[in-house]
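To keep things clear, I will list the structure first and then write my remarks on it.
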There are 6 protein chains.
Amino acid sequence: MSEPRDEPGMPLFAGIQTFMRLPYDPEVGRADVVVLGLPFDVSTVYRPGARFGPAGVRAASGRLAGASYNPAQRIDVFEHLTAVDGGDAPVVPGNVERSLACMQAAVARVHEAGALPLCLGGDHAVTLAELRAAAQRHGQLGLVLFDAHHDFWDDLYGERHGHGSWLRRAFDEGLIDARRSTLLGLRGSPGDVDLDDMRELGFAVFPFDDLMALGTGAAASAVERAGGKAFLSFDIDFVDPAFAPGTGVAEVGGPTSAQALALLRACRGREIVGADVVEVLPDLDWAEITGALAATVAYEIVTLVACARAATVEGGAP
Amino acid sequence: MSEPRDEPGMPLFAGIQTFMRLPYDPEVGRADVVVLGLPFDVSTVYRPGARFGPAGVRAASGRLAGASYNPAQRIDVFEHLTAVDGGDAPVVPGNVERSLACMQAAVARVHEAGALPLCLGGDHAVTLAELRAAAQRHGQLGLVLFDAHHDFWDDLYGERHGHGSWLRRAFDEGLIDARRSTLLGLRGSPGDVDLDDMRELGFAVFPFDDLMALGTGAAASAVERAGGKAFLSFDIDFVDPAFAPGTGVAEVGGPTSAQALALLRACRGREIVGADVVEVLPDLDWAEITGALAATVAYEIVTLVACARAATVEGGAP
Amino acid sequence: MSEPRDEPGMPLFAGIQTFMRLPYDPEVGRADVVVLGLPFDVSTVYRPGARFGPAGVRAASGRLAGASYNPAQRIDVFEHLTAVDGGDAPVVPGNVERSLACMQAAVARVHEAGALPLCLGGDHAVTLAELRAAAQRHGQLGLVLFDAHHDFWDDLYGERHGHGSWLRRAFDEGLIDARRSTLLGLRGSPGDVDLDDMRELGFAVFPFDDLMALGTGAAASAVERAGGKAFLSFDIDFVDPAFAPGTGVAEVGGPTSAQALALLRACRGREIVGADVVEVLPDLDWAEITGALAATVAYEIVTLVACARAATVEGGAP
Amino acid sequence: MSEPRDEPGMPLFAGIQTFMRLPYDPEVGRADVVVLGLPFDVSTVYRPGARFGPAGVRAASGRLAGASYNPAQRIDVFEHLTAVDGGDAPVVPGNVERSLACMQAAVARVHEAGALPLCLGGDHAVTLAELRAAAQRHGQLGLVLFDAHHDFWDDLYGERHGHGSWLRRAFDEGLIDARRSTLLGLRGSPGDVDLDDMRELGFAVFPFDDLMALGTGAAASAVERAGGKAFLSFDIDFVDPAFAPGTGVAEVGGPTSAQALALLRACRGREIVGADVVEVLPDLDWAEITGALAATVAYEIVTLVACARAATVEGGAP
Amino acid sequence: MSEPRDEPGMPLFAGIQTFMRLPYDPEVGRADVVVLGLPFDVSTVYRPGARFGPAGVRAASGRLAGASYNPAQRIDVFEHLTAVDGGDAPVVPGNVERSLACMQAAVARVHEAGALPLCLGGDHAVTLAELRAAAQRHGQLGLVLFDAHHDFWDDLYGERHGHGSWLRRAFDEGLIDARRSTLLGLRGSPGDVDLDDMRELGFAVFPFDDLMALGTGAAASAVERAGGKAFLSFDIDFVDPAFAPGTGVAEVGGPTSAQALALLRACRGREIVGADVVEVLPDLDWAEITGALAATVAYEIVTLVACARAATVEGGAP
Amino acid sequence: MSEPRDEPGMPLFAGIQTFMRLPYDPEVGRADVVVLGLPFDVSTVYRPGARFGPAGVRAASGRLAGASYNPAQRIDVFEHLTAVDGGDAPVVPGNVERSLACMQAAVARVHEAGALPLCLGGDHAVTLAELRAAAQRHGQLGLVLFDAHHDFWDDLYGERHGHGSWLRRAFDEGLIDARRSTLLGLRGSPGDVDLDDMRELGFAVFPFDDLMALGTGAAASAVERAGGKAFLSFDIDFVDPAFAPGTGVAEVGGPTSAQALALLRACRGREIVGADVVEVLPDLDWAEITGALAATVAYEIVTLVACARAATVEGGAP
């Protein structure tokens, strides 16, 4: 047997659970990417529990600790950027609007520090808080949305703020530019929203069937049209629930996780200024498979940012 | 083998899932007891999911279908009263106050029909809606509360309506009479609430340790002091989480289900005009043990009502 | 925040659990489609529990409440037909034959009312009861069967009625016409049954490998050959157990739920007079993914019926 | 570190899963006790799955491998007897009567070999098969029954053989002597059976409440009155479902496992000629706690047999 | 509704998961108590997984955040001491001895900083590492052990270091004084260890049955005899597995969590210089009930330390 | 109803749990294939529990009992070979090297009896023990490895023997010939191992993306290059965790079980002299889907052996 060594290092299963076991920095110092938890699920219209999403994704992300080289994109991620875990934003149980304000303030602090916020939801309503903060810093943004639902209801049960209407609010408030925005993966009944109306407003909308026919080309098209600064939002219910049982409004008949990751990686080339992974419900997860997928999605987003930085350095200032 | 019979009857596992497979009567007709679901959990400050509580209790209650004779109280329950399942009250995802209003209206309809509402929560905030409706009909009430927590915070995170402050609101609004109210089973840290302050207001407060020392005598005392009309509220977290894992704010170190049922049965003699069983979270339940306990608690409450009716008939009008 | 509204409507998670929250009509009134539960699993030769299948599918189907517009088939389903939930048929625990008789009688009542019965199993033996009732009304039928198993054993352990032999019984009794019948998705060892023998009897048999090679063409072929009135039966074990863990005799190496739904939708054009979704075991389900898939399958079958009605109206009487 | 040793022995978690890792002897050779699985659950009127009971109990029993000294009874069990695992009896899916015949034959073989059969159920109907075999060998027996239910229905849904009526059948067939029989732990609604009628027939009946008041004295009384040869049957639903969630017809409000074991050990002194542990459903178990309790109950029964043998040797022939 | 407030505070479910949400201080600064995770389970002889124990207990401990006033002991804990979470010690997967060395070093650092280490296991072998570090600082210690097993095997499968032999090693190495040590709660087969031999060595040994008969007096006796500095070790399998399913070598028939907490609180008066809570396996936990119990045990231990400090201040230097 | 038959045969769910209910032969007699359990997981660097893998695979394999005809390969397997279950090898909890020695000895016994050992892991380190035994008998072997990880680390945390370094050790010890070895399915970060370095050593390495592009051709290529005697190792984490949640180091974004089985079947034509299925963790499995997949993989490997025997007989000696 080998000689005992004094410094074995910390195994993947050990240590305080930050995202990818990155340093914990609640003060949001000088990193390029700050991972921020948004433990909010008050607005959900079906199964709640996404408030535990940030904790669940962090727990599962231990497996990725030290994964600097990403073979799928052939890049050593942390050679091109630094990242920390900024902890969670405070939220207010039982109050949607106060929670949105708290979360917006926390995200804004990250932008103000010059870093890119990568947020872990939380139900999808958190994206409105993120977009408000991002647009304040960067102006109107393009959007790349992976989601089984359009989230473009005007209201749900008379409530105008929630995880089914945040996209409509963001559009109404001018935070996003529909003509530079793409929706990928819609399926299930759209209710009283007509996707053709969304298309007329400028959105590119790829229902799941179209998406599977187009393959990664759909994502490439999203990259093309979403010229300029963009926000990337990944709802974990984009994939089939067999790959992500831990979510609140699952839609059967979706893509595999391999298909989803291929689409996400095809977004390489976009200038991303904010991103999130949302709707993870650890209590409904099994064997951490949803958490591991969400953590990998977040890691691939960090990789996209690293790729953009590498390209910028190589190609000169954008 | 016996000859095939034409009418085997419906097995316990079959049929649309009403409480105890009672008739479904959304119109709230002429029954003595109406079971009403209050699928609300927006105000919870820890683990949400009690919105599925009514469905979970109904599913587990199939085992009690046809259980008219209750051997513990030696009474044939449905010889003394009739009961129906009135379905659920509507609620508003994401909005506490609108939900409270909807629930209050639904409970009030039951009172107006002259029936006793037995509600299935839902987080404990639903009890405020029930008490508002009950007090409107019956005036100020005594309260018998089985709960691991005092629920007497003035506010939580700045919110004044929620499952940790409903009792304070009910007291402030004059819906209950503290001097005729008893709290049973408190344990865990009370935060910034001093139980002695509650006692000075008139409440009888039995922390878990005292309760175990007193046994069913504590409940008997609750019966004595809560003279006049009373509301009985049973938070499933009253029992140890081994007996009710499916709840949102579990407190270890509580009573067994056998101890809990004995205490509940000792409330025989009270004049109950409204009651509920709350904080059941089916997604955290296992093998329906929480659901079965909650269903049994509800059944024992119906039995208490039957006992009171039987006593009234025997003894003349109260 | 928006003004409180008086009528928020009933959220998807609330209310008595009928299929898609359709009206409960145990009297089987004048609807076009009647959903009927067949909570029977006495004949299963491996894992029992399908008796809770109807309840599980109904619970998960709440997510589909109000899903009138089906974007996959571009049709507004409930503009072309009406549907109710007729509750469950009675069954006899421990007795296969008496149970079959009870279920047949219940299904026959639906046919007699002029409605199409869409049944929720139950183990696959329930289909024999359905076919007996259907053939009585409609004569010999074609069959479209989605299943990982052939269910054509002559007997199992000496018993001739069961979920592995119902198809043989139905063939022997002349209820189905093999030449108008198609089996899709078989895999695993066929035991002592030779699929070529089945082909000689007239059945079209597509093992899983062939099915994946042919794609939706296989289903289209099923539509072609199954001219005339047909019965559609969907065993949830048709899909890979990753997509439907909640079943009794799972076969690994099957299609994804997306592939399954595409095949099912390709059956558009068939004249369906009866249908079922069977072998759902909620106790083995996780996060309701099996229940949600089964509910969606049932919804897509209702859509097929709506499509047929729409076509008939447009094209004149058949 | 210690030197490697060549023969570490087999850890508790390893090896083919026989009961307590006893030798597997399907030929039922010359052991004193033969453990026999009865994987039957066709007659269950609520939740099925007890067919996996023998496998579940065996899996959990590995923890007891080598537990020869039982400190609770201060006896070295396998110094006084030998035991083997005889495997399972065959059963017939879907057919109650044929299954009973198969099981009776398998148990009779054990009696014929002069051994004591200790059976692992299966739903409680298996006890009828065991009693038929035991009475054939030993004549009419006393019965000690730990159970939450009386199992004395005349029929259920028109079926006369099943897990709710086996005791009535055994009484009708003269297999047991009511005056030497004791029922312990009943609770919940008795349906249309009057316990006082049972008492008139001679049974000693201790509902749960009485049992808790009497403590181990109740069991001692059972020992007294059940003079002569007796059969001991332990339905795992005797304990509260918190201690045995893996069962089919759970009754809340029962004893703890510590209370149950104390009662069982107090049966020391009875002459047991057959015994079983029934109604274990591994699919509803969690962390093997039900399986471990059932395995311990079986081990304590083996201990009772060892105690009787030790007493006989010490005291001379009975 | 109340006016939005700017600083709602962080809810219990939010934030990086330290124990009780205490400050994270990997440098082990100037706190009185340092919580340290020991994520080691390589030596377990049955079910592994305790390496995730520290993470599981921390996750569940969020519910206790801010629980400064402990009503059971009537003390405001954090008025008398300060505490931090020091993170985890490194361990070496696959190597028991190197892991013990790493853990000992980490615990020693806490002692060197003048703080009391409260460790979260890990399988019980971690206690040897803790005792080595503690004895180096404080000399030979008394021991108060809550455990279902004696852990006094000389070796298991030829290995001398492990979770079944740590107590023997600690005794052999002179780390503990048997005459000041008490074992509480033993049950199940002791294998080839004779408890009377342990008693002869000086240990006070209370099997479960004796313990229940004595009640909190047993613990009081432990306090008496364990005069001088003591180490307190709580194996979560001390309680019945219904209250702690998430453990590796569960023993049925143990105390309830209420009984366990009462015994633990009765240790008030002991001078504790080190403590741990071990054998928590989150993967086998359900609804966090094991984690919550373990977190509460740890919190009660912190309370005992606070009580001792309060007594010292009141009573003068010891 | 059919007449009772005397010999119904043993249902799939009954009987002592050997692999595919094959005869249990701990003496390793004269069968062609011996299934051997290797219940070892001490070396795992993330989630342990594979020690229960053999038991879990055996339990799930009951479904395959009697599956002699394999339709995918069109061969009647047990017409060409005989097989038994040889039970488990002993292992030493807490000691990697002693465990490897024990396992190697057990596997060697099978080779010495002239049989092919098909082993059920255990973590992947068991393959080193198997290769040592196999090479002793058959000389240097080719390797076909289905795995999400390369397992070619030189050491992990300073330990040179473990489930992440067994392939490196096997290569260093000359047990395998890299130029006749193929790795299929790698994904995730390779850490400090460069796959191009492996290729330079002679290994054919197909990351997941390449594998999906090549399809079964990749496996065919593996067959070609792995001329001569080969060892086939299947790590269940090769498939996406949706299809095998019960594993210790899951990697999202992998193949479906249908894709995996197609690749495995494409290995037909290889001369296999040893094989295993490893890294199954039943505690993390759900509804036995991982166990059923692993059992099917093992069955398909037996089929490959049968195919090779059939080809040899037909074509003469190789």
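Residues in the structure tokens are named by chain (A, B, ... in the order shown) and by number from 1 within that chain; ligands are numbered from 1 in the order shown.
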Open item on the list: Show me, as a ChimeraX atom specification, every residue of chain B with an atom at most 9 Å from chain D, counting only C-alpha atoms.
Closed with: /B:1-5,7-13,63-64,66-72,242-244,256-262,286-289,292-293,296
Task: DSSP strand (DSSP E or B) residues within range 15-183 of chain A, as number ranges by chain - done: A: 24, 33-38, 69-70, 75-76, 83-88, 95, 116-121, 141-146, 156, 159, 176-183
Open item on the list: Could you tell me how far CA of Val205 in chain B sits from CA of Asp172 in chain B, in Å to one decimal place?
Closed with: 18.0 Å
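The coordinates place CA of Gly142 in chain D at 11.2 Å from CA of Ala204 in chain D.
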TODO: Fewer than 5 positions away in the same chain doesn't count, so skip those; otherwise give me all residues within 10 Å of Ala222 in chain D, counting only C-alpha atoms, as a PyMOL selection string.
DONE: chain D and resi 142-145+180-184+204-206+216-217+227+266-267+270
TODO: Could you please determine the separation between CA of Gly269 in chain F and CA of Val223 in chain F in Å, to one decimal place?
DONE: 6.8 Å
- [ ] From a DSSP calculation on the backbone, collect every residue of range 57-283 of chain C in helix (DSSP H, G or I) and output the set as an NGL selection string.
- [x] :C and (57-64 or 77-80 or 96-112 or 126-138 or 166-172 or 195-201 or 208-214 or 216-225 or 236-238 or 257-265 or 282-283)
Contacts of Val28 in chain E at 12 Å (only C-alpha atoms; same-chain gap of 5+ positions) as an mmCIF file with all heavy atoms, in the first residue's frame:
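Dumped everything to out02.cif:
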```cif
data_model
loop_
_atom_site.group_PDB
_atom_site.id
_atom_site.type_symbol
_atom_site.label_atom_id
_atom_site.label_comp_id
_atom_site.auth_asym_id
_atom_site.auth_seq_id
_atom_site.Cartn_x
_atom_site.Cartn_y
_atom_site.Cartn_z
ATOM 1 N N PRO E 23 -21.920 31.033 11.728
ATOM 2 C CA PRO E 23 -20.876 31.510 10.796
ATOM 3 C C PRO E 23 -19.948 30.370 10.393
ATOM 4 O O PRO E 23 -19.633 29.495 11.208
ATOM 5 C CB PRO E 23 -20.128 32.568 11.603
ATOM 6 C CG PRO E 23 -21.071 32.994 12.672
ATOM 7 C CD PRO E 23 -21.924 31.794 12.983
ATOM 8 N N VAL E 33 -17.357 26.912 20.933
ATOM 9 C CA VAL E 33 -17.687 25.596 20.379
ATOM 10 C C VAL E 33 -17.463 25.641 18.876
ATOM 11 O O VAL E 33 -17.902 26.591 18.214
ATOM 12 C CB VAL E 33 -19.158 25.226 20.681
ATOM 13 C CG1 VAL E 33 -19.555 23.938 19.972
ATOM 14 C CG2 VAL E 33 -19.384 25.100 22.181
ATOM 15 N N VAL E 34 -16.793 24.625 18.368
ATOM 16 C CA VAL E 34 -16.586 24.513 16.927
ATOM 17 C C VAL E 34 -17.235 23.213 16.450
ATOM 18 O O VAL E 34 -16.866 22.131 16.907
ATOM 19 C CB VAL E 34 -15.090 24.513 16.564
ATOM 20 C CG1 VAL E 34 -14.913 24.235 15.064
ATOM 21 C CG2 VAL E 34 -14.448 25.837 16.936
ATOM 22 N N VAL E 35 -18.210 23.366 15.554
ATOM 23 C CA VAL E 35 -18.837 22.188 14.957
ATOM 24 C C VAL E 35 -17.959 21.735 13.790
ATOM 25 O O VAL E 35 -17.577 22.541 12.937
ATOM 26 C CB VAL E 35 -20.256 22.517 14.465
ATOM 27 C CG1 VAL E 35 -20.887 21.308 13.799
ATOM 28 C CG2 VAL E 35 -21.114 22.996 15.638
ATOM 29 N N LEU E 36 -17.644 20.451 13.779
ATOM 30 C CA LEU E 36 -16.713 19.930 12.784
ATOM 31 C C LEU E 36 -17.302 18.658 12.182
ATOM 32 O O LEU E 36 -17.710 17.751 12.912
ATOM 33 C CB LEU E 36 -15.376 19.618 13.469
ATOM 34 C CG LEU E 36 -14.162 19.355 12.582
ATOM 35 C CD1 LEU E 36 -13.749 20.640 11.865
ATOM 36 C CD2 LEU E 36 -13.003 18.843 13.427
ATOM 37 N N ALA E 83 -20.366 30.026 18.973
ATOM 38 C CA ALA E 83 -20.135 28.809 18.205
ATOM 39 C C ALA E 83 -19.988 29.140 16.728
ATOM 40 O O ALA E 83 -20.570 30.126 16.241
ATOM 41 C CB ALA E 83 -21.289 27.823 18.410
ATOM 42 N N VAL E 84 -19.206 28.331 16.040
ATOM 43 C CA VAL E 84 -19.032 28.467 14.587
ATOM 44 C C VAL E 84 -19.076 27.067 13.966
ATOM 45 O O VAL E 84 -18.971 26.064 14.656
ATOM 46 C CB VAL E 84 -17.696 29.128 14.211
ATOM 47 C CG1 VAL E 84 -17.617 30.555 14.742
ATOM 48 C CG2 VAL E 84 -16.511 28.292 14.708
ATOM 49 N N ASP E 85 -19.226 27.065 12.652
ATOM 50 C CA ASP E 85 -19.097 25.815 11.911
ATOM 51 C C ASP E 85 -17.725 25.819 11.259
ATOM 52 O O ASP E 85 -17.408 26.702 10.453
ATOM 53 C CB ASP E 85 -20.202 25.709 10.856
ATOM 54 C CG ASP E 85 -20.267 24.328 10.214
ATOM 55 O OD1 ASP E 85 -19.195 23.734 9.961
ATOM 56 O OD2 ASP E 85 -21.380 23.842 9.968
ATOM 57 N N GLY E 86 -16.919 24.844 11.611
ATOM 58 C CA GLY E 86 -15.545 24.794 11.099
ATOM 59 C C GLY E 86 -15.392 24.000 9.822
ATOM 60 O O GLY E 86 -14.262 23.766 9.379
ATOM 61 N N GLY E 87 -16.501 23.577 9.248
ATOM 62 C CA GLY E 87 -16.410 22.770 8.026
ATOM 63 C C GLY E 87 -16.049 21.330 8.341
ATOM 64 O O GLY E 87 -16.278 20.851 9.448
ATOM 65 N N ASP E 88 -15.525 20.632 7.351
ATOM 66 C CA ASP E 88 -15.219 19.213 7.503
ATOM 67 C C ASP E 88 -13.713 18.976 7.604
ATOM 68 O O ASP E 88 -12.911 19.712 7.023
ATOM 69 C CB ASP E 88 -15.719 18.424 6.288
ATOM 70 C CG ASP E 88 -17.221 18.220 6.284
ATOM 71 O OD1 ASP E 88 -17.884 18.611 7.264
ATOM 72 O OD2 ASP E 88 -17.730 17.690 5.292
ATOM 73 N N ALA E 89 -13.348 17.935 8.307
ATOM 74 C CA ALA E 89 -11.986 17.416 8.231
ATOM 75 C C ALA E 89 -11.832 16.653 6.924
ATOM 76 O O ALA E 89 -12.792 16.053 6.446
ATOM 77 C CB ALA E 89 -11.721 16.478 9.410
ATOM 78 N N ALA E 106 -7.402 17.384 12.659
ATOM 79 C CA ALA E 106 -8.378 18.476 12.564
ATOM 80 C C ALA E 106 -9.026 18.755 13.916
ATOM 81 O O ALA E 106 -9.230 19.920 14.297
ATOM 82 C CB ALA E 106 -9.452 18.120 11.522
ATOM 83 N N VAL E 107 -9.340 17.713 14.645
ATOM 84 C CA VAL E 107 -9.953 17.903 15.961
ATOM 85 C C VAL E 107 -8.944 18.540 16.928
ATOM 86 O O VAL E 107 -9.287 19.419 17.735
ATOM 87 C CB VAL E 107 -10.480 16.566 16.533
ATOM 88 C CG1 VAL E 107 -11.051 16.752 17.935
ATOM 89 C CG2 VAL E 107 -11.538 15.967 15.597
ATOM 90 N N ALA E 108 -7.683 18.101 16.813
ATOM 91 C CA ALA E 108 -6.657 18.649 17.698
ATOM 92 C C ALA E 108 -6.522 20.158 17.514
ATOM 93 O O ALA E 108 -6.303 20.895 18.482
ATOM 94 C CB ALA E 108 -5.323 17.943 17.437
ATOM 95 N N ARG E 109 -6.661 20.603 16.262
ATOM 96 C CA ARG E 109 -6.567 22.043 16.009
ATOM 97 C C ARG E 109 -7.629 22.814 16.792
ATOM 98 O O ARG E 109 -7.390 23.925 17.263
ATOM 99 C CB ARG E 109 -6.733 22.342 14.521
ATOM 100 C CG ARG E 109 -5.456 22.181 13.720
ATOM 101 C CD ARG E 109 -5.726 22.450 12.247
ATOM 102 N NE ARG E 109 -6.153 23.826 12.001
ATOM 103 C CZ ARG E 109 -7.007 24.177 11.043
ATOM 104 N NH1 ARG E 109 -7.543 23.257 10.263
ATOM 105 N NH2 ARG E 109 -7.328 25.434 10.875
ATOM 106 N N VAL E 110 -8.802 22.233 16.901
ATOM 107 C CA VAL E 110 -9.870 22.906 17.649
ATOM 108 C C VAL E 110 -9.506 22.974 19.131
ATOM 109 O O VAL E 110 -9.638 24.032 19.770
ATOM 110 C CB VAL E 110 -11.221 22.171 17.446
ATOM 111 C CG1 VAL E 110 -12.304 22.816 18.309
ATOM 112 C CG2 VAL E 110 -11.611 22.187 15.982
ATOM 113 N N HIS E 111 -9.055 21.841 19.661
ATOM 114 C CA HIS E 111 -8.639 21.842 21.069
ATOM 115 C C HIS E 111 -7.537 22.878 21.289
ATOM 116 O O HIS E 111 -7.538 23.614 22.282
ATOM 117 C CB HIS E 111 -8.121 20.458 21.476
ATOM 118 C CG HIS E 111 -9.207 19.467 21.770
ATOM 119 N ND1 HIS E 111 -10.107 19.622 22.797
ATOM 120 C CD2 HIS E 111 -9.533 18.296 21.176
ATOM 121 C CE1 HIS E 111 -10.945 18.590 22.815
ATOM 122 N NE2 HIS E 111 -10.617 17.771 21.845
ATOM 123 N N GLU E 112 -6.602 22.896 20.350
ATOM 124 C CA GLU E 112 -5.479 23.834 20.514
ATOM 125 C C GLU E 112 -5.945 25.280 20.534
ATOM 126 O O GLU E 112 -5.322 26.130 21.171
ATOM 127 C CB GLU E 112 -4.462 23.601 19.392
ATOM 128 C CG GLU E 112 -3.650 22.321 19.603
ATOM 129 C CD GLU E 112 -3.090 21.771 18.294
ATOM 130 O OE1 GLU E 112 -3.043 22.532 17.299
ATOM 131 O OE2 GLU E 112 -2.716 20.580 18.281
ATOM 132 N N ALA E 113 -7.011 25.545 19.819
ATOM 133 C CA ALA E 113 -7.550 26.906 19.820
ATOM 134 C C ALA E 113 -8.364 27.181 21.081
ATOM 135 O O ALA E 113 -8.937 28.264 21.235
ATOM 136 C CB ALA E 113 -8.429 27.114 18.572
ATOM 137 N N GLY E 114 -8.422 26.194 21.971
ATOM 138 C CA GLY E 114 -9.137 26.406 23.229
ATOM 139 C C GLY E 114 -10.633 26.231 23.120
ATOM 140 O O GLY E 114 -11.373 26.573 24.042
ATOM 141 N N ALA E 115 -11.068 25.670 22.032
ATOM 142 C CA ALA E 115 -12.512 25.492 21.842
ATOM 143 C C ALA E 115 -12.910 24.046 22.071
ATOM 144 O O ALA E 115 -12.064 23.150 22.091
ATOM 145 C CB ALA E 115 -12.902 25.920 20.430
ATOM 146 N N LEU E 116 -14.198 23.835 22.249
ATOM 147 C CA LEU E 116 -14.734 22.487 22.399
ATOM 148 C C LEU E 116 -15.205 21.998 21.044
ATOM 149 O O LEU E 116 -16.059 22.632 20.417
ATOM 150 C CB LEU E 116 -15.894 22.504 23.391
ATOM 151 C CG LEU E 116 -16.526 21.159 23.733
ATOM 152 C CD1 LEU E 116 -17.101 21.205 25.143
ATOM 153 C CD2 LEU E 116 -17.598 20.751 22.737
ATOM 154 N N PRO E 117 -14.679 20.866 20.565
ATOM 155 C CA PRO E 117 -15.134 20.341 19.276
ATOM 156 C C PRO E 117 -16.399 19.501 19.437
ATOM 157 O O PRO E 117 -16.446 18.591 20.262
ATOM 158 C CB PRO E 117 -13.959 19.473 18.808
ATOM 159 C CG PRO E 117 -13.225 19.100 20.053
ATOM 160 C CD PRO E 117 -13.519 20.140 21.091
#
```
- [ ] List the neighbours of Gly122 in chain C out to 10 Å using only C-alpha atoms; skip same-chain residues closer than 4 positions along the sequence, and give me the result as a ChimeraX atom specification.
- [x] /C:37-44,48-54,126-127,163,276-281
Task: Spatial neighbours of range 137-141 of chain A, max dist 7 Å, only C-alpha atoms, sep filter under 5 positions, as a list in words - done: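 What passes the distance filter is His111, Gly174, Leu175, Ile176, Asp177, Lys229, Ala230 and Phe231 of chain A.
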